[in-house]
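Next comes entry_7.txt, with compact mmCIF, C-alpha atoms.
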# COMPACT_ATOMS: atom_id res chain seq x y z
CA MET S 1 0.00 0.00 0.00
CA SER S 2 1.11 3.51 -0.75
CA LEU S 3 2.61 6.10 1.51
CA ILE S 4 0.31 8.90 2.55
CA LYS S 5 2.20 12.12 3.14
CA ILE S 6 0.85 15.12 4.98
CA GLN S 7 2.18 18.39 3.54
CA THR S 8 5.27 19.42 5.42
CA ASN S 9 4.07 22.96 6.06
CA ILE S 10 0.94 21.90 7.97
CA ALA S 11 1.21 22.86 11.65
CA ILE S 12 -0.14 20.15 13.95
CA SER S 13 -0.51 20.73 17.67
CA ASP S 14 -0.74 18.12 20.42
CA SER S 15 -4.41 19.01 20.89
CA GLY S 16 -5.20 17.86 17.35
CA PHE S 17 -5.48 21.37 15.85
CA LEU S 18 -4.25 21.55 12.26
CA PHE S 19 -3.38 24.80 10.51
CA ASN S 20 -2.61 25.12 6.81
CA PRO S 21 -0.49 28.28 6.39
CA ALA S 22 -1.01 28.27 2.63
CA THR S 23 -4.78 28.57 2.78
CA GLY S 24 -5.44 29.90 6.31
CA GLU S 25 -7.77 26.97 7.00
CA SER S 26 -7.76 25.20 10.32
CA PHE S 27 -9.21 21.85 11.38
CA SER S 28 -9.39 19.74 14.47
CA VAL S 29 -9.00 16.00 14.61
CA ASN S 30 -9.82 13.59 17.44
CA PRO S 31 -7.08 11.61 19.24
CA VAL S 32 -7.31 8.71 16.77
CA GLY S 33 -7.01 11.09 13.84
CA LEU S 34 -4.02 12.75 15.49
CA GLU S 35 -2.38 9.36 16.04
CA ILE S 36 -2.93 8.47 12.34
CA ILE S 37 -1.39 11.76 11.23
CA ARG S 38 1.61 11.11 13.48
CA LEU S 39 2.05 7.70 11.89
CA MET S 40 1.84 9.27 8.42
CA ARG S 41 4.57 11.72 9.40
CA GLU S 42 6.69 8.81 10.59
CA GLY S 43 6.46 7.43 7.04
CA LYS S 44 4.12 4.53 7.73
CA ASN S 45 2.00 3.21 4.85
CA GLU S 46 -1.72 2.43 5.00
CA THR S 47 -1.23 -1.21 6.02
CA GLU S 48 1.12 -0.26 8.84
CA ILE S 49 -1.24 2.47 10.03
CA CYS S 50 -4.18 0.03 10.06
CA ALA S 51 -2.12 -2.47 12.05
CA ALA S 52 -1.03 0.17 14.56
CA VAL S 53 -4.58 1.39 15.11
CA ASN S 54 -5.85 -2.20 15.47
CA ASN S 55 -3.19 -2.91 18.08
CA THR S 56 -3.99 0.18 20.10
CA TYR S 57 -7.79 0.15 19.94
CA ASP S 58 -8.62 -3.52 19.46
CA ALA S 59 -11.12 -2.62 16.70
CA ASP S 60 -12.58 -4.61 13.79
CA PRO S 61 -9.82 -4.46 11.10
CA ALA S 62 -12.37 -4.06 8.28
CA ILE S 63 -13.91 -1.05 9.97
CA VAL S 64 -10.50 0.47 10.71
CA GLU S 65 -9.50 0.08 7.06
CA ARG S 66 -12.73 1.65 5.83
CA ASP S 67 -12.49 4.55 8.30
CA LEU S 68 -8.86 5.14 7.37
CA HIS S 69 -9.86 5.38 3.70
CA ASP S 70 -12.55 7.92 4.58
CA PHE S 71 -10.09 9.90 6.68
CA ILE S 72 -7.48 9.99 3.91
CA HIS S 73 -10.16 11.06 1.44
CA MET S 74 -11.08 13.92 3.77
CA LEU S 75 -7.45 15.00 4.16
CA ARG S 76 -7.06 15.00 0.38
CA GLN S 77 -10.25 16.99 -0.11
CA HIS S 78 -8.96 19.66 2.27
CA GLN S 79 -5.64 19.82 0.41
CA LEU S 80 -3.64 18.62 3.39
CA LEU S 81 -1.83 15.83 1.53
CA ASP S 82 1.31 16.18 -0.51
CA ASN S 83 -0.16 14.96 -3.80
CA ASN S 84 -2.41 17.93 -4.49
CA GLY S 85 -0.44 19.26 -7.37
CA GLY S 86 1.97 21.20 -5.20
CA GLN S 87 -0.23 24.32 -5.26
CA ASN S 88 0.05 24.90 -1.59
CA ASN S 89 3.63 24.05 -0.92
CA MET A 1 17.62 57.50 15.47
CA ALA A 2 14.62 56.61 17.61
CA ASP A 3 14.48 60.15 18.96
CA ARG A 4 13.97 61.75 15.58
CA ILE A 5 10.45 63.20 15.52
CA ILE A 6 8.49 63.11 12.27
CA ASN A 7 5.23 65.05 11.99
CA ILE A 8 2.75 62.94 10.05
CA GLY A 9 -0.74 63.84 8.90
CA VAL A 10 -3.09 60.87 8.59
CA THR A 11 -6.64 60.66 7.20
CA GLY A 12 -9.18 57.84 7.51
CA LEU A 13 -9.91 58.07 11.24
CA ASN A 14 -13.39 56.62 10.73
CA ALA A 15 -12.95 53.35 12.62
CA ILE A 16 -16.53 52.28 11.91
CA ASP A 17 -18.10 49.09 10.53
CA SER A 18 -16.62 49.87 7.12
CA PRO A 19 -13.40 51.16 8.59
CA GLY A 20 -10.94 53.66 7.20
CA PRO A 21 -7.29 52.59 7.55
CA GLY A 22 -6.20 55.65 9.59
CA VAL A 23 -6.27 54.07 13.06
CA PRO A 24 -4.25 50.94 12.15
CA VAL A 25 -1.83 53.06 10.10
CA ILE A 26 -1.22 55.26 13.17
CA ARG A 27 -0.78 52.20 15.40
CA GLY A 28 1.95 51.09 13.00
CA LEU A 29 3.58 54.54 13.06
CA ARG A 30 3.50 54.58 16.86
CA GLU A 31 5.49 51.33 16.81
CA ALA A 32 8.05 52.57 14.28
CA LYS A 33 11.66 51.84 15.24
CA SER A 34 13.33 54.33 12.89
CA PHE A 35 11.56 57.46 14.14
CA LYS A 36 9.18 58.83 16.73
CA ALA A 37 5.89 59.96 15.22
CA ARG A 38 3.87 63.01 16.11
CA ILE A 39 0.46 62.39 14.56
CA ILE A 40 -1.88 65.02 13.19
CA GLY A 41 -5.28 63.55 12.41
CA LEU A 42 -7.01 64.93 9.32
CA ALA A 43 -10.75 64.28 9.62
CA TYR A 44 -13.79 65.02 7.49
CA GLU A 45 -16.31 64.71 10.32
CA PRO A 46 -16.05 65.55 14.03
CA LEU A 47 -17.48 62.13 14.91
CA GLU A 48 -14.69 60.05 13.38
CA PRO A 49 -13.79 57.75 16.30
CA GLY A 50 -10.00 57.89 15.78
CA ILE A 51 -9.98 61.54 16.88
CA TYR A 52 -10.93 60.59 20.44
CA ILE A 53 -8.96 57.38 20.99
CA ASP A 54 -6.63 57.95 23.91
CA GLY A 55 -3.02 58.34 22.82
CA LEU A 56 -3.69 57.84 19.11
CA VAL A 57 -3.46 61.31 17.53
CA ASP A 58 -1.75 64.32 19.05
CA LYS A 59 -4.09 66.78 17.39
CA THR A 60 -6.86 66.71 14.81
CA TYR A 61 -7.91 69.17 12.11
CA LEU A 62 -11.07 69.05 10.05
CA ILE A 63 -10.42 69.17 6.31
CA PRO A 64 -12.89 69.79 3.45
CA TYR A 65 -14.48 66.90 1.55
CA PRO A 66 -12.94 66.08 -1.85
CA SER A 67 -16.12 67.40 -3.51
CA ALA A 68 -15.12 70.91 -2.33
CA GLY A 69 -12.21 70.80 -4.81
CA THR A 70 -8.43 70.77 -4.55
CA ASP A 71 -8.12 74.56 -4.01
CA MET A 72 -10.11 74.37 -0.78
CA LEU A 73 -8.11 71.34 0.36
CA MET A 74 -4.80 73.05 -0.46
CA ALA A 75 -5.78 76.22 1.40
CA ARG A 76 -6.70 74.18 4.48
CA LEU A 77 -3.48 72.15 4.34
CA GLU A 78 -1.42 75.34 3.97
CA HIS A 79 -2.96 76.64 7.19
CA ILE A 80 -2.32 73.35 8.98
CA GLN A 81 1.24 73.35 7.66
CA SER A 82 1.90 76.85 8.99
CA VAL A 83 1.14 75.56 12.49
CA GLU A 84 2.19 71.92 12.49
CA LYS A 85 5.19 71.71 10.11
CA LEU A 86 4.12 68.35 8.69
CA ASP A 87 6.84 66.18 7.13
CA VAL A 88 4.54 63.59 5.57
CA ILE A 89 0.84 63.03 4.85
CA ILE A 90 -0.65 59.55 4.42
CA PRO A 91 -4.04 59.78 2.68
CA ASN A 92 -6.09 56.64 3.28
CA PHE A 93 -9.32 57.04 1.31
CA ASP A 94 -9.88 56.02 -2.30
CA ALA A 95 -12.12 59.05 -2.81
CA GLU A 96 -9.49 61.60 -1.67
CA LEU A 97 -6.54 60.06 -3.51
CA TYR A 98 -7.22 61.86 -6.78
CA SER A 99 -6.97 65.25 -4.99
CA PHE A 100 -3.82 64.33 -3.08
CA ILE A 101 -2.11 62.94 -6.18
CA LYS A 102 -2.93 66.18 -7.99
CA LEU A 103 -1.53 68.19 -5.08
CA GLU A 104 1.61 66.10 -4.62
CA ARG A 105 3.98 68.69 -6.13
CA ALA A 106 2.29 71.68 -4.46
CA LEU A 107 2.47 69.96 -1.09
CA LYS A 108 6.11 69.06 -1.66
CA ASN A 109 6.77 72.76 -2.26
CA ILE A 110 5.52 73.59 1.23
CA GLY A 111 7.54 70.78 2.82
CA ILE A 112 5.04 67.89 2.86
CA SER A 113 6.10 64.59 1.28
CA MET A 114 3.83 61.74 0.26
CA PHE A 115 4.38 58.36 -1.33
CA LEU A 116 1.44 57.77 -3.64
CA PRO A 117 0.77 55.93 -6.88
CA THR A 118 1.21 58.04 -10.01
CA MET A 119 -1.94 59.44 -11.61
CA GLU A 120 -1.51 56.91 -14.45
CA GLN A 121 -1.30 54.00 -11.99
CA PHE A 122 -4.28 55.34 -10.06
CA GLU A 123 -6.41 55.68 -13.20
CA GLU A 124 -5.55 52.45 -15.00
CA ARG A 125 -6.33 50.17 -12.05
CA HIS A 126 -9.96 51.37 -11.81
CA LYS A 127 -12.54 48.60 -11.70
CA PHE A 128 -13.94 49.59 -15.08
CA ASN A 129 -10.46 49.21 -16.62
CA LEU A 130 -9.71 45.81 -15.07
CA ASP A 131 -10.03 43.89 -18.35
CA GLU A 132 -7.44 46.12 -20.05
CA PHE A 133 -5.27 46.09 -16.95
CA GLY A 134 -5.21 42.28 -16.94
CA LYS A 135 -4.21 42.13 -20.61
CA LYS A 136 -1.54 44.81 -20.28
CA TYR A 137 0.17 43.25 -17.25
CA ASN A 138 -0.56 39.59 -18.01
CA LEU A 139 -2.73 38.98 -14.95
CA ASP A 140 -5.82 36.74 -14.80
CA VAL A 141 -8.91 38.87 -14.31
CA PRO A 142 -12.56 37.78 -14.54
CA GLU A 143 -14.21 38.87 -17.76
CA SER A 144 -15.78 42.26 -17.07
CA LYS A 145 -17.42 44.96 -19.08
CA PRO A 146 -18.68 48.44 -18.28
CA VAL A 147 -22.31 49.03 -19.32
CA VAL A 148 -24.28 52.28 -19.50
CA SER A 149 -27.85 51.16 -20.22
CA GLN A 150 -30.30 48.46 -19.20
CA SER A 151 -30.46 47.01 -22.71
CA GLU A 152 -26.68 46.75 -22.84
CA LEU A 153 -26.70 45.26 -19.34
CA LEU A 154 -29.07 42.44 -20.32
CA LYS A 155 -27.22 41.70 -23.55
CA VAL A 156 -23.83 41.43 -21.81
CA ALA A 157 -25.26 39.51 -18.81
CA LYS A 158 -26.78 36.95 -21.17
CA GLU A 159 -23.45 36.51 -22.94
CA MET A 160 -21.60 36.05 -19.63
CA GLY A 161 -24.29 33.77 -18.17
CA PHE A 162 -25.93 33.99 -14.74
CA PRO A 163 -25.02 34.48 -11.95
CA VAL A 164 -23.18 37.66 -12.80
CA MET A 165 -21.63 40.33 -10.57
CA VAL A 166 -23.05 43.86 -10.86
CA LYS A 167 -20.57 46.42 -9.50
CA GLY A 168 -20.42 50.15 -8.91
CA LYS A 169 -17.41 51.99 -10.32
CA TYR A 170 -16.16 52.89 -6.84
CA TYR A 171 -18.09 50.71 -4.41
CA ASP A 172 -20.85 48.10 -4.02
CA ALA A 173 -21.08 44.70 -5.65
CA TYR A 174 -24.01 42.30 -5.92
CA ALA A 175 -24.40 38.83 -7.39
CA ALA A 176 -27.42 38.74 -9.70
CA ASN A 177 -29.00 35.36 -10.46
CA THR A 178 -31.68 36.55 -12.87
CA PRO A 179 -32.14 39.36 -15.44
CA ASP A 180 -34.64 41.02 -13.05
CA GLN A 181 -32.12 41.08 -10.22
CA ALA A 182 -29.44 42.44 -12.57
CA ARG A 183 -31.80 45.26 -13.63
CA ASN A 184 -32.59 46.13 -10.00
CA TYR A 185 -28.92 46.23 -9.00
CA PHE A 186 -28.09 48.30 -12.08
CA ASP A 187 -30.69 50.93 -11.03
CA LYS A 188 -29.57 50.89 -7.40
CA ILE A 189 -25.85 51.20 -8.22
CA SER A 190 -26.14 53.73 -11.03
CA ALA A 191 -28.30 55.99 -8.81
CA LYS A 192 -25.62 55.93 -6.11
CA TRP A 193 -22.33 55.81 -8.00
CA GLY A 194 -23.23 56.90 -11.53
CA LEU A 195 -22.30 55.21 -14.81
CA PRO A 196 -20.80 53.02 -16.02
CA VAL A 197 -21.91 50.03 -14.01
CA ILE A 198 -19.54 47.07 -14.31
CA LEU A 199 -20.70 43.58 -15.14
CA GLN A 200 -18.29 40.88 -14.13
CA LYS A 201 -18.30 37.14 -14.61
CA PHE A 202 -19.05 35.42 -11.30
CA VAL A 203 -16.03 33.53 -9.92
CA LYS A 204 -16.67 31.00 -7.18
CA GLY A 205 -13.76 30.46 -4.87
CA THR A 206 -11.78 31.62 -1.87
CA GLU A 207 -11.07 35.31 -1.46
CA LEU A 208 -7.47 36.12 -0.60
CA ASN A 209 -6.01 39.54 0.13
CA MET A 210 -2.55 40.93 -0.12
CA THR A 211 -1.28 44.21 1.25
CA GLY A 212 2.07 45.53 0.25
CA LEU A 213 4.30 48.41 -0.67
CA GLY A 214 6.07 49.09 -3.94
CA ASP A 215 9.02 51.48 -4.20
CA GLY A 216 8.05 52.87 -7.62
CA ASN A 217 11.00 51.14 -9.33
CA GLY A 218 9.46 47.68 -9.47
CA ASN A 219 10.78 46.45 -6.14
CA THR A 220 8.63 44.84 -3.46
CA ILE A 221 9.30 46.50 -0.11
CA ALA A 222 6.57 44.66 1.79
CA ALA A 223 3.92 42.02 1.04
CA VAL A 224 1.65 40.18 3.48
CA GLY A 225 -1.12 37.75 2.54
CA MET A 226 -4.35 37.32 4.47
CA ARG A 227 -7.50 35.25 4.22
CA LYS A 228 -10.71 36.72 5.61
CA GLN A 229 -12.17 34.58 8.39
CA PHE A 230 -15.28 36.59 9.20
CA ILE A 231 -17.05 39.07 6.94
CA THR A 232 -19.61 41.74 7.84
CA ASP A 233 -22.78 42.29 5.85
CA LYS A 234 -20.87 45.04 4.02
CA GLY A 235 -18.30 42.49 2.91
CA LYS A 236 -15.59 43.89 5.20
CA ALA A 237 -13.24 41.61 7.05
CA TRP A 238 -13.95 41.51 10.77
CA ALA A 239 -11.37 38.78 11.34
CA GLY A 240 -8.60 37.37 9.19
CA ILE A 241 -5.47 35.24 9.30
CA THR A 242 -2.07 35.64 7.68
CA ILE A 243 -1.20 33.02 5.08
CA HIS A 244 1.81 31.95 3.05
CA ASP A 245 0.46 31.28 -0.42
CA TYR A 246 3.30 30.91 -2.90
CA ARG A 247 1.26 31.80 -5.98
CA LEU A 248 -0.32 34.83 -4.28
CA MET A 249 3.17 36.15 -3.51
CA GLU A 250 4.31 35.50 -7.08
CA ILE A 251 1.35 37.46 -8.47
CA THR A 252 2.00 40.34 -6.07
CA LYS A 253 5.67 40.60 -7.04
CA HIS A 254 4.71 40.42 -10.71
CA PHE A 255 2.14 43.20 -10.17
CA ILE A 256 4.71 45.46 -8.48
CA ALA A 257 7.49 44.68 -10.97
CA THR A 258 5.41 45.22 -14.11
CA THR A 259 3.41 48.27 -12.98
CA LYS A 260 6.33 49.75 -11.00
CA TRP A 261 3.74 50.39 -8.32
CA ARG A 262 4.51 53.32 -6.05
CA GLY A 263 3.02 53.27 -2.56
CA GLY A 264 0.77 51.05 -0.48
CA PHE A 265 -1.90 48.83 -1.97
CA GLU A 266 -4.27 45.96 -1.41
CA LEU A 267 -4.93 43.24 -3.99
CA GLU A 268 -8.21 41.34 -3.77
CA ILE A 269 -7.80 37.95 -5.39
CA MET A 270 -10.24 35.08 -5.91
CA LYS A 271 -8.72 31.62 -5.98
CA SER A 272 -11.10 29.48 -8.02
CA ALA A 273 -11.75 25.76 -7.64
CA ASP A 274 -9.35 25.02 -10.53
CA ASN A 275 -6.60 27.01 -8.75
CA THR A 276 -6.70 30.04 -11.04
CA TYR A 277 -5.96 33.26 -9.17
CA TYR A 278 -8.20 36.02 -10.48
CA LEU A 279 -7.34 39.61 -9.65
CA MET A 280 -10.67 41.13 -8.63
CA GLU A 281 -9.69 44.58 -7.44
CA ILE A 282 -6.70 46.81 -6.70
CA ASN A 283 -7.10 49.26 -3.85
CA PRO A 284 -4.45 51.97 -4.32
CA ARG A 285 -3.83 52.52 -0.61
CA ILE A 286 -3.06 50.74 2.63
CA PRO A 287 -6.04 48.59 3.79
CA ALA A 288 -7.75 48.75 7.19
CA TRP A 289 -6.25 45.41 8.27
CA VAL A 290 -2.67 46.69 7.93
CA TYR A 291 -1.96 46.43 11.65
CA LEU A 292 -1.95 42.65 11.20
CA ALA A 293 0.93 43.10 8.73
CA VAL A 294 2.74 45.30 11.27
CA ARG A 295 2.42 42.69 13.98
CA VAL A 296 3.66 39.81 11.83
CA GLY A 297 6.82 41.70 11.04
CA GLN A 298 6.23 44.17 8.20
CA ASN A 299 5.61 47.73 9.34
CA ILE A 300 4.21 49.07 6.07
CA PRO A 301 3.25 52.54 7.41
CA GLU A 302 6.78 53.04 8.78
CA ALA A 303 8.40 51.94 5.51
CA LEU A 304 6.04 54.18 3.53
CA VAL A 305 7.01 57.24 5.61
CA ASN A 306 10.69 56.48 5.07
CA LEU A 307 10.15 56.13 1.31
CA ALA A 308 8.26 59.45 1.30
CA LEU A 309 11.21 61.09 3.05
CA GLY A 310 13.66 59.63 0.54
CA ASN A 311 15.32 57.40 3.10
CA ASP A 312 16.85 54.04 2.24
CA VAL A 313 14.35 51.30 2.96
CA LYS A 314 15.32 47.65 3.16
CA PRO A 315 12.67 45.27 1.78
CA TYR A 316 10.95 42.92 4.18
CA HIS A 317 11.39 39.28 3.16
CA SER A 318 9.31 37.27 5.61
CA TYR A 319 6.38 37.31 7.97
CA GLU A 320 4.62 34.96 10.32
CA ALA A 321 1.68 32.90 8.98
CA GLY A 322 -1.21 31.88 11.22
CA LYS A 323 -1.65 35.15 13.12
CA LEU A 324 -5.21 36.45 13.38
CA PHE A 325 -6.73 39.88 13.68
CA ILE A 326 -10.15 40.16 15.26
CA ARG A 327 -11.91 43.54 15.32
CA TYR A 328 -14.18 44.73 18.05
CA ALA A 329 -16.51 47.63 18.67
CA TYR A 330 -15.79 49.78 21.74
CA ASP A 331 -17.76 52.68 23.18
CA MET A 332 -15.75 55.75 24.16
CA ILE A 333 -17.27 58.32 26.48
CA VAL A 334 -16.46 61.81 25.24
CA SER A 335 -17.31 65.15 26.82
CA ARG A 336 -19.50 67.46 24.77
CA GLU A 337 -16.87 70.22 25.07
CA ARG A 338 -14.33 68.30 23.02
CA PHE A 339 -16.78 67.50 20.28
CA GLU A 340 -17.88 71.15 20.39
CA GLU A 341 -14.32 72.47 20.14
CA LEU A 342 -13.60 70.42 17.02
CA SER A 343 -16.97 71.23 15.44
CA VAL A 344 -16.65 74.98 16.05
CA ASN A 345 -12.92 75.60 15.70
CA GLY A 346 -12.05 72.81 13.27
CA GLU A 347 -9.18 71.60 15.45
CA LEU A 348 -8.69 69.69 18.67
CA ALA A 349 -5.68 68.69 20.74
CA ASN A 350 -6.04 65.16 22.05
CA ILE A 351 -6.03 65.51 25.81
CA ALA A 352 -7.34 62.53 27.74
CA ASP A 353 -10.99 62.88 28.64
CA ASN A 354 -11.81 62.04 32.25
CA GLN A 355 -15.49 62.82 32.07

Show how you would write the structure in this file as structure tokens.
Amino acid sequence: MSLIKIQTNIAISDSGFLFNPATGESFSVNPVGLEIIRLMREGKNETEICAAVNNTYDADPAIVERDLHDFIHMLRQHQLLDNNGGQNN
Amino acid sequence: MADRIINIGVTGLNAIDSPGPGVPVIRGLREAKSFKARIIGLAYEPLEPGIYIDGLVDKTYLIPYPSAGTDMLMARLEHIQSVEKLDVIIPNFDAELYSFIKLERALKNIGISMFLPTMEQFEERHKFNLDEFGKKYNLDVPESKPVVSQSELLKVAKEMGFPVMVKGKYYDAYAANTPDQARNYFDKISAKWGLPVILQKFVKGTELNMTGLGDGNGNTIAAVGMRKQFITDKGKAWAGITIHDYRLMEITKHFIATTKWRGGFELEIMKSADNTYYLMEINPRIPAWVYLAVRVGQNIPEALVNLALGNDVKPYHSYEAGKLFIRYAYDMIVSRERFEELSVNGELANIADNQ
């Protein structure tokens, strides 16, 4: 599975507050979302992220995988991922 | 150097819901590191709030409205100059800029410097010239056309397709979804601001703003980007946040380099869904949110005064992203005597009011 990279300029606080300095938009994510973003920054791929979340939360792997897909889709939609054409770098 | 006192006249003290930039400009001047400012407020009305803010202006004079003509304005400024020995004036209203640009040489002759766009720059960036401006300087602008009659309005609107923006030549803009709405807005705007009325293709997207300062030789002295976070019903920013948008900065530098812009400005830019950056408007003066730029590291009013005085000014190269400004309304209690003094005598020293 592919690597999902958060744009390097996104500011992420310990409280789960995300700020995109290129667009001025801010978002908040819950603790699981924050953990996933941390794993992305560590260079983990989707499979490794799913495994890490399953280990920590003892959740149904199918549901974790589906939710992770949704979450990544949301990050992409908000132009927080690296593969958005480089407009906001 | 910090002890050097510069006498600076500033207009735009109307810190109201559609605020003039005078108060934030003065806040920037008060924080200048290269000089100490003595501020003379130049007001059109005795109720402009900036006159009474504690510690903001040292003294205020009433000046005639632009409609009174440049002779009246010059006569008033000559009187003020005989008393105050102004070094610099910073005009902050679109509507007064024409008069001040016309008077630039005459004011220089009595010792007052300014740093304004040239008359050519001022004229060619008008809303009704935006199409030509975009072509001349290779900037993306939404298709727009000035119209002078209802029949022309409907013909052009149909060609552009609804919704369409109906704009006044100086102020006011409405999105019209139907021919009837377009007709109504045309009547409303032409009655208030005259003809032509401008029709502009509607661009859906995110509005971004840039304030900056050009040295008149094509160099960028300052440039700070902002995205509005909260907008009043008049379309004015009540809160905003600084941003680092690479393309926005590129466009700004291109604008300054190609027009050789002289003075402060604000660019209003719409970033569309397909990432095209459309230049919507050029305000030929410092905007009312300039204090945000000051506090993130670029003191535009200070740099503008130094340029006006012919001093060497080093360009700013960076600023902090993610800093917000949030406006608020605040009631001042002012004694009748102070209001009376300004109304009757046309001038008022700013002494703290304890009543």

Given a cut-off of 8 Å, which residues of chain A touch chain S, counting only C-alpha atoms, written out as a PDB file with C-alpha atoms, in the coordinates of the input?
ATOM      1  CA  MET A 226      -4.350  37.320   4.470  1.00  0.00           C
ATOM      2  CA  ARG A 227      -7.500  35.250   4.220  1.00  0.00           C
ATOM      3  CA  ILE A 241      -5.470  35.240   9.300  1.00  0.00           C
ATOM      4  CA  THR A 242      -2.070  35.640   7.680  1.00  0.00           C
ATOM      5  CA  ILE A 243      -1.200  33.020   5.080  1.00  0.00           C
ATOM      6  CA  HIS A 244       1.810  31.950   3.050  1.00  0.00           C
ATOM      7  CA  ASP A 245       0.460  31.280  -0.420  1.00  0.00           C
ATOM      8  CA  TYR A 246       3.300  30.910  -2.900  1.00  0.00           C
ATOM      9  CA  ARG A 247       1.260  31.800  -5.980  1.00  0.00           C
ATOM     10  CA  ASN A 275      -6.600  27.010  -8.750  1.00  0.00           C
ATOM     11  CA  ALA A 321       1.680  32.900   8.980  1.00  0.00           C
ATOM     12  CA  GLY A 322      -1.210  31.880  11.220  1.00  0.00           C
TER      13      GLY A 322
END

Practice item. Could you pull out every residue with an atom within 12 Å of (2.4, 68.0, -4.9), file coordinates, counting all atoms listed in the file, and send them as a PyMOL selection string? Key: chain A and resi 70+74+77+88-89+98-116+118-119

Could I get the residues of range 230-285 of chain A with an atom no further than 9 Å from an atom of range 327-351 of chain A, each paired with its nearest atom pair and that distance in Å to one decimal, using only C-alpha atoms, sorted by chain and residue number, as CSV?
residue,atom,partner,partner_atom,distance
A:Ala237,CA,A:Arg327,CA,8.6
A:Trp238,CA,A:Arg327,CA,5.4
A:Ala239,CA,A:Arg327,CA,6.2

Study note, to complete from the structure: If you count all atoms listed in the file, the residue of A:Gln229, A:Ile221, A:Gly161, A:Asn299 closest to Gly263 in chain A turns out to be A:Ile221

With all atoms listed in the file counted, which protein, DNA or RNA residues have an atom no more than 12 Å from (-28.7, 45.3, -11.4) in the file frame? Please answer as a PDB file with C-alpha atoms, in the frame of the given file.
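Once written, out_28.pdb looks like this:
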ATOM      1  CA  VAL A 147     -22.310  49.030 -19.320  1.00  0.00           C
ATOM      2  CA  VAL A 148     -24.280  52.280 -19.500  1.00  0.00           C
ATOM      3  CA  SER A 149     -27.850  51.160 -20.220  1.00  0.00           C
ATOM      4  CA  GLN A 150     -30.300  48.460 -19.200  1.00  0.00           C
ATOM      5  CA  SER A 151     -30.460  47.010 -22.710  1.00  0.00           C
ATOM      6  CA  GLU A 152     -26.680  46.750 -22.840  1.00  0.00           C
ATOM      7  CA  LEU A 153     -26.700  45.260 -19.340  1.00  0.00           C
ATOM      8  CA  LEU A 154     -29.070  42.440 -20.320  1.00  0.00           C
ATOM      9  CA  ALA A 157     -25.260  39.510 -18.810  1.00  0.00           C
ATOM     10  CA  PRO A 163     -25.020  34.480 -11.950  1.00  0.00           C
ATOM     11  CA  VAL A 164     -23.180  37.660 -12.800  1.00  0.00           C
ATOM     12  CA  MET A 165     -21.630  40.330 -10.570  1.00  0.00           C
ATOM     13  CA  VAL A 166     -23.050  43.860 -10.860  1.00  0.00           C
ATOM     14  CA  LYS A 167     -20.570  46.420  -9.500  1.00  0.00           C
ATOM     15  CA  GLY A 168     -20.420  50.150  -8.910  1.00  0.00           C
ATOM     16  CA  ASP A 172     -20.850  48.100  -4.020  1.00  0.00           C
ATOM     17  CA  ALA A 173     -21.080  44.700  -5.650  1.00  0.00           C
ATOM     18  CA  TYR A 174     -24.010  42.300  -5.920  1.00  0.00           C
ATOM     19  CA  ALA A 175     -24.400  38.830  -7.390  1.00  0.00           C
ATOM     20  CA  ALA A 176     -27.420  38.740  -9.700  1.00  0.00           C
ATOM     21  CA  ASN A 177     -29.000  35.360 -10.460  1.00  0.00           C
ATOM     22  CA  THR A 178     -31.680  36.550 -12.870  1.00  0.00           C
ATOM     23  CA  PRO A 179     -32.140  39.360 -15.440  1.00  0.00           C
ATOM     24  CA  ASP A 180     -34.640  41.020 -13.050  1.00  0.00           C
ATOM     25  CA  GLN A 181     -32.120  41.080 -10.220  1.00  0.00           C
ATOM     26  CA  ALA A 182     -29.440  42.440 -12.570  1.00  0.00           C
ATOM     27  CA  ARG A 183     -31.800  45.260 -13.630  1.00  0.00           C
ATOM     28  CA  ASN A 184     -32.590  46.130 -10.000  1.00  0.00           C
ATOM     29  CA  TYR A 185     -28.920  46.230  -9.000  1.00  0.00           C
ATOM     30  CA  PHE A 186     -28.090  48.300 -12.080  1.00  0.00           C
ATOM     31  CA  ASP A 187     -30.690  50.930 -11.030  1.00  0.00           C
ATOM     32  CA  LYS A 188     -29.570  50.890  -7.400  1.00  0.00           C
ATOM     33  CA  ILE A 189     -25.850  51.200  -8.220  1.00  0.00           C
ATOM     34  CA  SER A 190     -26.140  53.730 -11.030  1.00  0.00           C
ATOM     35  CA  ALA A 191     -28.300  55.990  -8.810  1.00  0.00           C
ATOM     36  CA  PRO A 196     -20.800  53.020 -16.020  1.00  0.00           C
ATOM     37  CA  VAL A 197     -21.910  50.030 -14.010  1.00  0.00           C
ATOM     38  CA  ILE A 198     -19.540  47.070 -14.310  1.00  0.00           C
ATOM     39  CA  LEU A 199     -20.700  43.580 -15.140  1.00  0.00           C
ATOM     40  CA  GLN A 200     -18.290  40.880 -14.130  1.00  0.00           C
TER      41      GLN A 200
END

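When the distance limit is 7 Å and all atoms listed in the file are what count, the residues near range 264-272 of chain A, minus those fewer than 4 positions from it on the same chain, are Val203, Lys204, Gly205, Thr206, Glu207, Leu208, Asn209, Met210, Thr211, Gly212, Leu213, Gly214, Thr276, Tyr277, Tyr278, Leu279, Met280, Glu281, Ile282, Asn283, Pro284, Arg285, Ile286 and Pro287 of chain A.
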
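Using all atoms listed in the file, the shortest contact distance between Leu68 in chain S and any of S:Asp14, S:Asn55, S:Ile36, S:Leu81 is found at S:Ile36.
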
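In this comparison, which uses all atoms listed in the file, the residue of S:Ser13, S:Lys5, S:Val64, S:Met74 approaching Thr47 in chain S most closely is S:Val64.
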